[in-house]
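Below you'll find the structure, written out as C-alpha cells, and then a few comments.
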Amino acid sequence: MAEADDSNFYIELCKTPIRFDPVDKVTNVFYDDSNKQVFAVRSGGAMGVVVKGPGEKDSVTFRVEGRGDVISIKFSPDKRVLGIQRSAKSVEFINFMTDMTADQLEYSQTCKGKSTNIMGFVWTGVNEIVFVTDHGIEFYQVTPEKRLLKCAKTINLSVAWFVWQNNPYIIFQGTMTKLPKFEVDLPAVQKQAKTPLLERDVIMAIIYGQLYIVILRHQPRPGSIGAEIVLYQIIRDGPARKTNVLKLDMSGRFAINIVDNLILVHHQASRTSVVFDILLEGESDGFVTFHYPVVSPLPIKPFTMLLPSLNLQTGANKMEYSCELYSPNWIVFQPNIIIDAKLGCLWYVKLLSGPLVVMIPDKCRLIKFLLQRNDSKADILSVCRNMMVPGKQANLRTIASVLDMLNKVYHSHLESEINQLATDTQARPLEPRRRQVIIDQSDAYTHIFSIFEDRKDMKYKFIVAVLIEYIRSLNQHNIPVQHYLYELIINTLVHNNCCYQLHQFLQYHVLSDSKPLACLMLSLESVYPPAHQLALDMLKRLSTANEEIIEVLLSKQQLLPALRFIRSVGITDTVSARKFLEAAKSTENNMLFYTVFKFFEQRNIRLRNHPKFPQGEHCEQYTKYFEGLFGTDALAQMFQT
C-alpha cells in the first residue's frame, strides 16, 4: 500500500478497513451504529448473512429464512437476539446461542394500531427495544427465553424521521423520560415558508462530555456566506440551548464526523474537509459563539488497497486500487465511520496531529487545542521543548501562558482525583468524563527542561527566567514544587557564578523552603560561604527540621550554637547526649568538652536528681574520658590549671 506524505493532510482513513461483500443485485448492506456492525444480507438472508465488526467476536455468519427484503437488521447489545424488520408493521426476532448459532424458532412483534407504520427500531438495552413509528414511540421488554415481547409504554406524537442517541427520550433501566421540546432556528426562504428540517442534515453527538443536536443549515443567516452548522446543547432540566455556530463559507453537500471531540466536516464538491473545535476562542454575541475552521481545508489522505486482479496474462493476482475519496457512494455514520457500500469498505476516520502542529502557528492556541486531544502528550512535550530551542525561542510571555495552561489542567486533575476519593466511586456517572492530557512536573523536567542541559548554547538568563515562570505557575495553581526543579535552577545559577542572585531568590522566598533545598545549599558552602547560613535559616523556618539543624551544627563543630539552638526550641530534655559528647570529643578541645559534659550533667540532675547518665544513653566512655581529663573533682582541677 503506497503512502502519501502526511504533512499535506490532517485527516486519514484507517489503514485496515473492515471489508464486506459490496452491494449488488442480490446483496444488501446495513450498518448498526450501536454495535458498529456491518450486515451483508444475500437474498433476504436465505443465501446467508455475513456480519463484520471491529472485533473477532463481532463477526459471524448465519442464514435466515428468506421472507422478503430486509429493511433493517440489528443485534441486541449482548449479541444474543437478532431483530429483523421486513415490513412496516412488525419486527421479527431470532435468539442466538452462546456459540452464535441461530435458534430455528422465530418470534415477532407488531406495532400498535392498524394505520401505524414502523419507521425503525433501536435496542436501548440487552432486553429493551423501542419501535419508532409514524404515530410515536413504543417501548418493549424482551424476554428471549419465552420468545415474547411486552409493551411497557407508548408515547403518541407525529414523527417524520428520527435520529438515535438515547435522546430526546432518556431511556434507562426501563424508565423513559421525555426531554423538553425546542424550536430549531431555520431560515425562511423569500416569499415561502421555512424550509423543512431534513433527516440528513441532523446528527446527535457527544462533544466534550455534552450531548448536542448538530444541524446543517444550508441557507445561512442574513449577511452570511455559505452553509452553517448550528449546535444545540441538550439540557435535562430545560429546553435545548443554541450555543455554537460553525461557519463553513461553502455550499453544497456536506457530511459530518465527530473525532476526538472535534467536528470534521467533509465537503463533496471541493473534495476537502475542515476541522472545528468548539473549545477554541471564537466570536460571540453574548449568547452564541461563532467558530471558523481550526486550519484551512485539506483533502483526506489518499487511500490505496490491493484488490483481486483480472489481468491473468501478467500473472499478478492482486492490483493496487486508489479509492475514490468523497465518493457519492460514501455514507457517513457517527461518530467516525465512513462506509462505501459499493466498494465493500468500512473505515474509521482518524486525525493526524503531526501536521496540525505545524499548521497552527499560535503556540497558545496550539497547546490549548492539543490539551483536549487523546494521545497528544508527545506532541505537547515536543512543542514545549521546541519553544526553548535557540533560534526558535518563544517570548517569555507566551511560554508563561503555555505553562499556565499545562498547570491549570494538572491542578484540575489533582482536584478531581481528590474529589473522586471523597465521593462514592460506584455511583454511575450521568455524563462521560472529559479526559485531558496531563503534563506533570516530572514530564516537564524530563522532556522539556532537559534541553537546558543538552544544549550548551543556551543563555542562562533565559533558562532561569523559564524555570522561575514555571515555579510561579505551580505556586499560582497550588501545586507543591518538586525539589529537582529547585536543584536545576540553583545549579544553573551557581554554574554561571550568579550566587548573589541565588541569595536574593532565597531571601525573598522565590524558592520555597524545603529540607532537600537546604541540604543542597549546605553542599554549596565551598562555592558560596553564605549558603551555610542561608540553609540554617531555611531549616529554622521549616520548624520540622530540628534534627537536621543539629546535624549540620555538629558537623561544623559548632557545639555551643547547637546547645543554644536546642534550648531555644525546647528540646533540651530529648536530644541525645551521646551525639553531642562524641562531637565535643572529636574537636580535641578539652574546655569545649567540659562545657558540653556539664551541660548534660545538669540536665541529669534536673531530670533525675543525680548527675550520672542513665545506662541506656551509653555515655560511660565519655564519663571515663571526662574523669581522665579532669578527675573526679573537675572544678577544683580546672582552677588549678
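Ordered as shown in the C-alpha cells, chains take letters A, B, and onward, while each chain numbers its residues from 1 and ligands are numbered from 1 in the order shown.
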
- request: For Gly286 in chain A, please output as a PyMOL selection string all residues within 12 Å (counting only C-alpha atoms; exclusion window: fewer than 2 positions along the same chain).
  value: chain A and resi 242-244+282-284+288-290

Selected residues written out with N, CA and C atoms, as a PDB file, in the first residue's frame:
ATOM      1  N   LYS A 242     -29.130  26.893  22.043  1.00  0.00           N
ATOM      2  CA  LYS A 242     -28.246  27.156  20.913  1.00  0.00           C
ATOM      3  C   LYS A 242     -26.953  27.778  21.430  1.00  0.00           C
ATOM      4  N   THR A 243     -25.826  27.084  21.193  1.00  0.00           N
ATOM      5  CA  THR A 243     -24.572  27.521  21.805  1.00  0.00           C
ATOM      6  C   THR A 243     -23.491  27.890  20.800  1.00  0.00           C
ATOM      7  N   ASN A 244     -23.423  27.198  19.652  1.00  0.00           N
ATOM      8  CA  ASN A 244     -22.307  27.396  18.732  1.00  0.00           C
ATOM      9  C   ASN A 244     -22.791  27.383  17.292  1.00  0.00           C
ATOM     10  N   GLY A 282     -13.776  31.951  19.794  1.00  0.00           N
ATOM     11  CA  GLY A 282     -14.476  32.385  18.592  1.00  0.00           C
ATOM     12  C   GLY A 282     -15.102  33.747  18.833  1.00  0.00           C
ATOM     13  N   GLU A 283     -15.891  34.182  17.893  1.00  0.00           N
ATOM     14  CA  GLU A 283     -16.609  35.445  18.049  1.00  0.00           C
ATOM     15  C   GLU A 283     -17.939  35.162  18.736  1.00  0.00           C
ATOM     16  N   SER A 284     -18.288  35.998  19.700  1.00  0.00           N
ATOM     17  CA  SER A 284     -19.508  35.757  20.475  1.00  0.00           C
ATOM     18  C   SER A 284     -20.395  36.993  20.475  1.00  0.00           C
ATOM     19  N   VAL A 288     -24.278  33.140  21.621  1.00  0.00           N
ATOM     20  CA  VAL A 288     -23.786  32.102  20.718  1.00  0.00           C
ATOM     21  C   VAL A 288     -22.358  32.436  20.319  1.00  0.00           C
ATOM     22  N   THR A 289     -21.513  31.398  20.237  1.00  0.00           N
ATOM     23  CA  THR A 289     -20.132  31.578  19.794  1.00  0.00           C
ATOM     24  C   THR A 289     -20.006  31.099  18.355  1.00  0.00           C
ATOM     25  N   PHE A 290     -19.414  31.955  17.508  1.00  0.00           N
ATOM     26  CA  PHE A 290     -19.238  31.646  16.090  1.00  0.00           C
ATOM     27  C   PHE A 290     -17.794  31.214  15.860  1.00  0.00           C
TER      28      PHE A 290
END

For Phe593 in chain A, find every residue with an atom within 10 Å (counting only C-alpha atoms), except residues of its own chain fewer than 2 positions away, and show them as an mmCIF file with all heavy atoms, in the first residue's frame.
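The resulting file, out_19.cif, is reproduced below:
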data_model
loop_
_atom_site.group_PDB
_atom_site.id
_atom_site.type_symbol
_atom_site.label_atom_id
_atom_site.label_comp_id
_atom_site.auth_asym_id
_atom_site.auth_seq_id
_atom_site.Cartn_x
_atom_site.Cartn_y
_atom_site.Cartn_z
ATOM 1 N N LEU A 559 29.374 23.479 68.510
ATOM 2 C CA LEU A 559 28.641 22.846 69.600
ATOM 3 C C LEU A 559 27.889 23.844 70.461
ATOM 4 O O LEU A 559 26.767 23.567 70.894
ATOM 5 C CB LEU A 559 29.596 22.001 70.461
ATOM 6 C CG LEU A 559 29.871 20.595 69.890
ATOM 7 C CD1 LEU A 559 30.931 20.655 68.826
ATOM 8 C CD2 LEU A 559 30.241 19.613 70.964
ATOM 9 N N PHE A 580 26.187 14.626 71.203
ATOM 10 C CA PHE A 580 26.895 15.880 71.499
ATOM 11 C C PHE A 580 28.277 15.596 72.086
ATOM 12 O O PHE A 580 29.264 16.258 71.739
ATOM 13 C CB PHE A 580 26.069 16.728 72.464
ATOM 14 C CG PHE A 580 25.025 17.570 71.781
ATOM 15 C CD1 PHE A 580 23.842 17.010 71.329
ATOM 16 C CD2 PHE A 580 25.229 18.926 71.597
ATOM 17 C CE1 PHE A 580 22.881 17.780 70.709
ATOM 18 C CE2 PHE A 580 24.276 19.710 70.971
ATOM 19 C CZ PHE A 580 23.092 19.132 70.523
ATOM 20 N N LEU A 581 28.350 14.610 72.982
ATOM 21 C CA LEU A 581 29.628 14.304 73.627
ATOM 22 C C LEU A 581 30.631 13.747 72.617
ATOM 23 O O LEU A 581 31.831 14.048 72.682
ATOM 24 C CB LEU A 581 29.404 13.306 74.773
ATOM 25 C CG LEU A 581 28.606 13.862 75.965
ATOM 26 C CD1 LEU A 581 28.256 12.752 76.933
ATOM 27 C CD2 LEU A 581 29.395 14.964 76.679
ATOM 28 N N GLU A 582 30.154 12.938 71.690
ATOM 29 C CA GLU A 582 31.028 12.409 70.644
ATOM 30 C C GLU A 582 31.591 13.542 69.790
ATOM 31 O O GLU A 582 32.784 13.575 69.462
ATOM 32 C CB GLU A 582 30.256 11.420 69.777
ATOM 33 C CG GLU A 582 31.008 10.926 68.542
ATOM 34 C CD GLU A 582 32.273 10.167 68.880
ATOM 35 O OE1 GLU A 582 32.327 9.555 69.974
ATOM 36 O OE2 GLU A 582 33.204 10.177 68.054
ATOM 37 N N ALA A 583 30.712 14.496 69.411
ATOM 38 C CA ALA A 583 31.165 15.628 68.609
ATOM 39 C C ALA A 583 32.147 16.498 69.388
ATOM 40 O O ALA A 583 33.144 16.990 68.836
ATOM 41 C CB ALA A 583 29.955 16.454 68.170
ATOM 42 N N ALA A 584 31.888 16.693 70.692
ATOM 43 C CA ALA A 584 32.783 17.514 71.516
ATOM 44 C C ALA A 584 34.148 16.852 71.665
ATOM 45 O O ALA A 584 35.197 17.515 71.610
ATOM 46 C CB ALA A 584 32.154 17.741 72.887
ATOM 47 N N LYS A 585 34.158 15.533 71.820
ATOM 48 C CA LYS A 585 35.421 14.812 71.959
ATOM 49 C C LYS A 585 36.251 14.902 70.685
ATOM 50 O O LYS A 585 37.488 15.041 70.727
ATOM 51 C CB LYS A 585 35.133 13.354 72.297
ATOM 52 C CG LYS A 585 36.391 12.502 72.481
ATOM 53 C CD LYS A 585 36.032 11.051 72.762
ATOM 54 C CE LYS A 585 37.298 10.201 72.860
ATOM 55 N NZ LYS A 585 36.985 8.764 73.063
ATOM 56 N N SER A 586 35.563 14.851 69.525
ATOM 57 C CA SER A 586 36.280 14.878 68.249
ATOM 58 C C SER A 586 36.948 16.225 67.989
ATOM 59 O O SER A 586 37.865 16.311 67.165
ATOM 60 C CB SER A 586 35.321 14.548 67.104
ATOM 61 O OG SER A 586 34.329 15.563 66.962
ATOM 62 N N THR A 587 36.521 17.264 68.679
ATOM 63 C CA THR A 587 37.153 18.578 68.484
ATOM 64 C C THR A 587 38.523 18.652 69.148
ATOM 65 O O THR A 587 39.310 19.550 68.838
ATOM 66 C CB THR A 587 36.266 19.689 69.065
ATOM 67 O OG1 THR A 587 36.166 19.535 70.493
ATOM 68 C CG2 THR A 587 34.884 19.670 68.435
ATOM 69 N N GLU A 588 38.778 17.734 70.124
ATOM 70 C CA GLU A 588 40.028 17.738 70.896
ATOM 71 C C GLU A 588 40.226 19.064 71.641
ATOM 72 O O GLU A 588 41.352 19.479 71.927
ATOM 73 C CB GLU A 588 41.228 17.454 69.981
ATOM 74 C CG GLU A 588 41.166 16.087 69.323
ATOM 75 C CD GLU A 588 42.384 15.801 68.466
ATOM 76 O OE1 GLU A 588 43.224 16.734 68.305
ATOM 77 O OE2 GLU A 588 42.510 14.664 67.959
ATOM 78 N N ASN A 589 39.145 19.720 71.938
ATOM 79 C CA ASN A 589 39.138 20.958 72.732
ATOM 80 C C ASN A 589 38.586 20.591 74.104
ATOM 81 O O ASN A 589 37.380 20.407 74.279
ATOM 82 C CB ASN A 589 38.272 22.016 72.043
ATOM 83 C CG ASN A 589 38.303 23.357 72.756
ATOM 84 O OD1 ASN A 589 38.464 23.429 73.977
ATOM 85 N ND2 ASN A 589 38.143 24.427 71.991
ATOM 86 N N ASN A 590 39.510 20.475 75.099
ATOM 87 C CA ASN A 590 39.103 19.991 76.418
ATOM 88 C C ASN A 590 38.082 20.907 77.079
ATOM 89 O O ASN A 590 37.156 20.434 77.741
ATOM 90 C CB ASN A 590 40.325 19.827 77.317
ATOM 91 C CG ASN A 590 41.251 18.731 76.792
ATOM 92 O OD1 ASN A 590 40.839 17.893 75.990
ATOM 93 N ND2 ASN A 590 42.509 18.731 77.243
ATOM 94 N N MET A 591 38.250 22.216 76.943
ATOM 95 C CA MET A 591 37.314 23.146 77.580
ATOM 96 C C MET A 591 35.922 23.023 76.957
ATOM 97 O O MET A 591 34.908 23.113 77.651
ATOM 98 C CB MET A 591 37.823 24.575 77.445
ATOM 99 C CG MET A 591 39.116 24.823 78.221
ATOM 100 S SD MET A 591 38.943 24.418 79.992
ATOM 101 C CE MET A 591 37.663 25.547 80.470
ATOM 102 N N THR A 595 32.454 21.864 78.850
ATOM 103 C CA THR A 595 31.205 22.636 78.831
ATOM 104 C C THR A 595 30.019 21.767 78.412
ATOM 105 O O THR A 595 28.948 21.811 79.020
ATOM 106 C CB THR A 595 31.340 23.828 77.875
ATOM 107 O OG1 THR A 595 32.442 24.635 78.289
ATOM 108 C CG2 THR A 595 30.078 24.657 77.841
ATOM 109 N N VAL A 596 30.230 20.970 77.366
ATOM 110 C CA VAL A 596 29.149 20.117 76.874
ATOM 111 C C VAL A 596 28.803 19.055 77.908
ATOM 112 O O VAL A 596 27.623 18.776 78.170
ATOM 113 C CB VAL A 596 29.553 19.468 75.536
ATOM 114 C CG1 VAL A 596 28.511 18.446 75.095
ATOM 115 C CG2 VAL A 596 29.748 20.526 74.457
ATOM 116 N N PHE A 597 29.832 18.447 78.532
ATOM 117 C CA PHE A 597 29.586 17.410 79.532
ATOM 118 C C PHE A 597 28.781 17.975 80.695
ATOM 119 O O PHE A 597 27.808 17.358 81.167
ATOM 120 C CB PHE A 597 30.921 16.847 80.019
ATOM 121 C CG PHE A 597 30.778 15.635 80.899
ATOM 122 C CD1 PHE A 597 30.741 14.358 80.360
ATOM 123 C CD2 PHE A 597 30.665 15.771 82.283
ATOM 124 C CE1 PHE A 597 30.612 13.242 81.176
ATOM 125 C CE2 PHE A 597 30.525 14.669 83.105
ATOM 126 C CZ PHE A 597 30.498 13.390 82.549
ATOM 127 N N LYS A 598 29.193 19.160 81.187
ATOM 128 C CA LYS A 598 28.497 19.762 82.321
ATOM 129 C C LYS A 598 27.068 20.163 81.958
ATOM 130 O O LYS A 598 26.168 20.114 82.813
ATOM 131 C CB LYS A 598 29.282 20.982 82.805
ATOM 132 C CG LYS A 598 30.515 20.611 83.609
ATOM 133 C CD LYS A 598 30.122 19.868 84.884
ATOM 134 C CE LYS A 598 31.308 19.495 85.734
ATOM 135 N NZ LYS A 598 30.900 18.797 86.968
ATOM 136 N N PHE A 599 26.860 20.544 80.701
ATOM 137 C CA PHE A 599 25.507 20.904 80.252
ATOM 138 C C PHE A 599 24.561 19.724 80.443
ATOM 139 O O PHE A 599 23.457 19.873 80.992
ATOM 140 C CB PHE A 599 25.547 21.333 78.781
ATOM 141 C CG PHE A 599 24.198 21.691 78.199
ATOM 142 C CD1 PHE A 599 23.699 22.981 78.297
ATOM 143 C CD2 PHE A 599 23.421 20.720 77.565
ATOM 144 C CE1 PHE A 599 22.454 23.295 77.764
ATOM 145 C CE2 PHE A 599 22.182 21.029 77.033
ATOM 146 C CZ PHE A 599 21.696 22.330 77.131
ATOM 147 N N TYR A 622 32.382 8.372 77.769
ATOM 148 C CA TYR A 622 32.608 9.822 77.836
ATOM 149 C C TYR A 622 32.762 10.276 79.291
ATOM 150 O O TYR A 622 33.483 11.243 79.580
ATOM 151 C CB TYR A 622 31.461 10.565 77.141
ATOM 152 C CG TYR A 622 31.291 10.111 75.706
ATOM 153 C CD1 TYR A 622 30.195 9.341 75.332
ATOM 154 C CD2 TYR A 622 32.252 10.408 74.756
ATOM 155 C CE1 TYR A 622 30.051 8.895 74.033
ATOM 156 C CE2 TYR A 622 32.119 9.968 73.451
ATOM 157 C CZ TYR A 622 31.018 9.216 73.096
ATOM 158 O OH TYR A 622 30.893 8.775 71.813
ATOM 159 N N TYR A 625 36.282 9.393 80.019
ATOM 160 C CA TYR A 625 37.146 10.356 79.335
ATOM 161 C C TYR A 625 37.187 11.671 80.108
ATOM 162 O O TYR A 625 38.249 12.285 80.270
ATOM 163 C CB TYR A 625 36.621 10.579 77.918
ATOM 164 C CG TYR A 625 37.470 11.526 77.090
ATOM 165 C CD1 TYR A 625 38.707 11.124 76.591
ATOM 166 C CD2 TYR A 625 37.024 12.821 76.818
ATOM 167 C CE1 TYR A 625 39.483 11.988 75.834
ATOM 168 C CE2 TYR A 625 37.795 13.687 76.062
ATOM 169 C CZ TYR A 625 39.030 13.272 75.565
ATOM 170 O OH TYR A 625 39.803 14.138 74.811
ATOM 171 N N PHE A 626 36.008 12.104 80.603
ATOM 172 C CA PHE A 626 35.937 13.341 81.388
ATOM 173 C C PHE A 626 36.765 13.219 82.658
ATOM 174 O O PHE A 626 37.529 14.120 83.019
ATOM 175 C CB PHE A 626 34.471 13.643 81.732
ATOM 176 C CG PHE A 626 34.289 14.904 82.529
ATOM 177 C CD1 PHE A 626 34.169 16.137 81.912
ATOM 178 C CD2 PHE A 626 34.242 14.864 83.929
ATOM 179 C CE1 PHE A 626 33.998 17.296 82.658
ATOM 180 C CE2 PHE A 626 34.085 16.012 84.672
ATOM 181 C CZ PHE A 626 33.950 17.243 84.038
ATOM 182 N N LEU A 629 40.392 13.410 82.066
ATOM 183 C CA LEU A 629 40.889 14.763 81.802
ATOM 184 C C LEU A 629 40.903 15.623 83.058
ATOM 185 O O LEU A 629 41.873 16.342 83.343
ATOM 186 C CB LEU A 629 40.019 15.447 80.734
ATOM 187 C CG LEU A 629 40.140 14.941 79.289
ATOM 188 C CD1 LEU A 629 39.132 15.679 78.400
ATOM 189 C CD2 LEU A 629 41.564 15.170 78.762
#

*Show which residues sit within 9 Å of range 372-389 of chain A, as number ranges by chain. Count only C-alpha atoms, and ignore same-chain residues fewer than 6 positions away.*
A: 208, 260-262, 279, 353-354, 357, 363, 366, 395, 399, 402-403, 434-439, 443-444, 447-452, 455, 458, 462-463, 466

Take the residues that were just selected and, keeping C-alpha atoms, output them as a PDB file, in the first residue's frame.
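again-v5.pdb written:
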ATOM      1  CA  TYR A 208     -16.594  17.261  25.355  1.00  0.00           C
ATOM      2  CA  ASP A 260     -11.703  13.151  19.348  1.00  0.00           C
ATOM      3  CA  ASN A 261     -14.300  15.823  20.286  1.00  0.00           C
ATOM      4  CA  LEU A 262     -13.611  17.649  17.023  1.00  0.00           C
ATOM      5  CA  LEU A 279     -13.416  24.961  22.887  1.00  0.00           C
ATOM      6  CA  SER A 353      -1.955  15.516  14.853  1.00  0.00           C
ATOM      7  CA  GLY A 354       1.577  15.909  13.493  1.00  0.00           C
ATOM      8  CA  VAL A 357       1.157  21.035  14.977  1.00  0.00           C
ATOM      9  CA  LYS A 363       1.601  28.336  20.321  1.00  0.00           C
ATOM     10  CA  LEU A 366      -1.952  25.092  19.579  1.00  0.00           C
ATOM     11  CA  ASN A 395       8.953  35.017  24.084  1.00  0.00           C
ATOM     12  CA  ILE A 399       5.951  30.499  27.489  1.00  0.00           C
ATOM     13  CA  VAL A 402       1.590  27.872  27.928  1.00  0.00           C
ATOM     14  CA  LEU A 403       2.905  26.786  31.330  1.00  0.00           C
ATOM     15  CA  ARG A 434     -13.718  14.633  29.734  1.00  0.00           C
ATOM     16  CA  ARG A 435     -10.157  13.438  29.572  1.00  0.00           C
ATOM     17  CA  GLN A 436      -7.372  15.938  29.123  1.00  0.00           C
ATOM     18  CA  VAL A 437      -3.671  15.380  28.697  1.00  0.00           C
ATOM     19  CA  ILE A 438      -1.772  15.754  31.971  1.00  0.00           C
ATOM     20  CA  ILE A 439       1.742  17.214  31.930  1.00  0.00           C
ATOM     21  CA  ASP A 443       7.149  15.221  32.443  1.00  0.00           C
ATOM     22  CA  ALA A 444       8.228  18.856  32.207  1.00  0.00           C
ATOM     23  CA  HIS A 447      11.101  16.104  28.368  1.00  0.00           C
ATOM     24  CA  ILE A 448      11.115  19.920  28.297  1.00  0.00           C
ATOM     25  CA  PHE A 449      13.672  21.350  30.709  1.00  0.00           C
ATOM     26  CA  SER A 450      16.209  18.643  29.906  1.00  0.00           C
ATOM     27  CA  ILE A 451      17.079  20.751  26.878  1.00  0.00           C
ATOM     28  CA  PHE A 452      18.793  23.171  29.261  1.00  0.00           C
ATOM     29  CA  ARG A 455      22.091  22.441  24.679  1.00  0.00           C
ATOM     30  CA  MET A 458      21.502  28.475  25.708  1.00  0.00           C
ATOM     31  CA  PHE A 462      16.630  32.594  29.633  1.00  0.00           C
ATOM     32  CA  ILE A 463      16.919  29.265  31.458  1.00  0.00           C
ATOM     33  CA  VAL A 466      11.713  29.992  32.239  1.00  0.00           C
TER      34      VAL A 466
END

I'd like the neighbourhood of Trp330 in chain A as a VMD selection string, where a residue qualifies if any of its atoms comes within 8 Å (using only C-alpha atoms), though same-chain residues fewer than 4 positions away should be ignored. chain A and resid 326 338 to 341

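One finds CA of Ala531 in chain A at 18.1 Å from CA of Ala562 in chain A.
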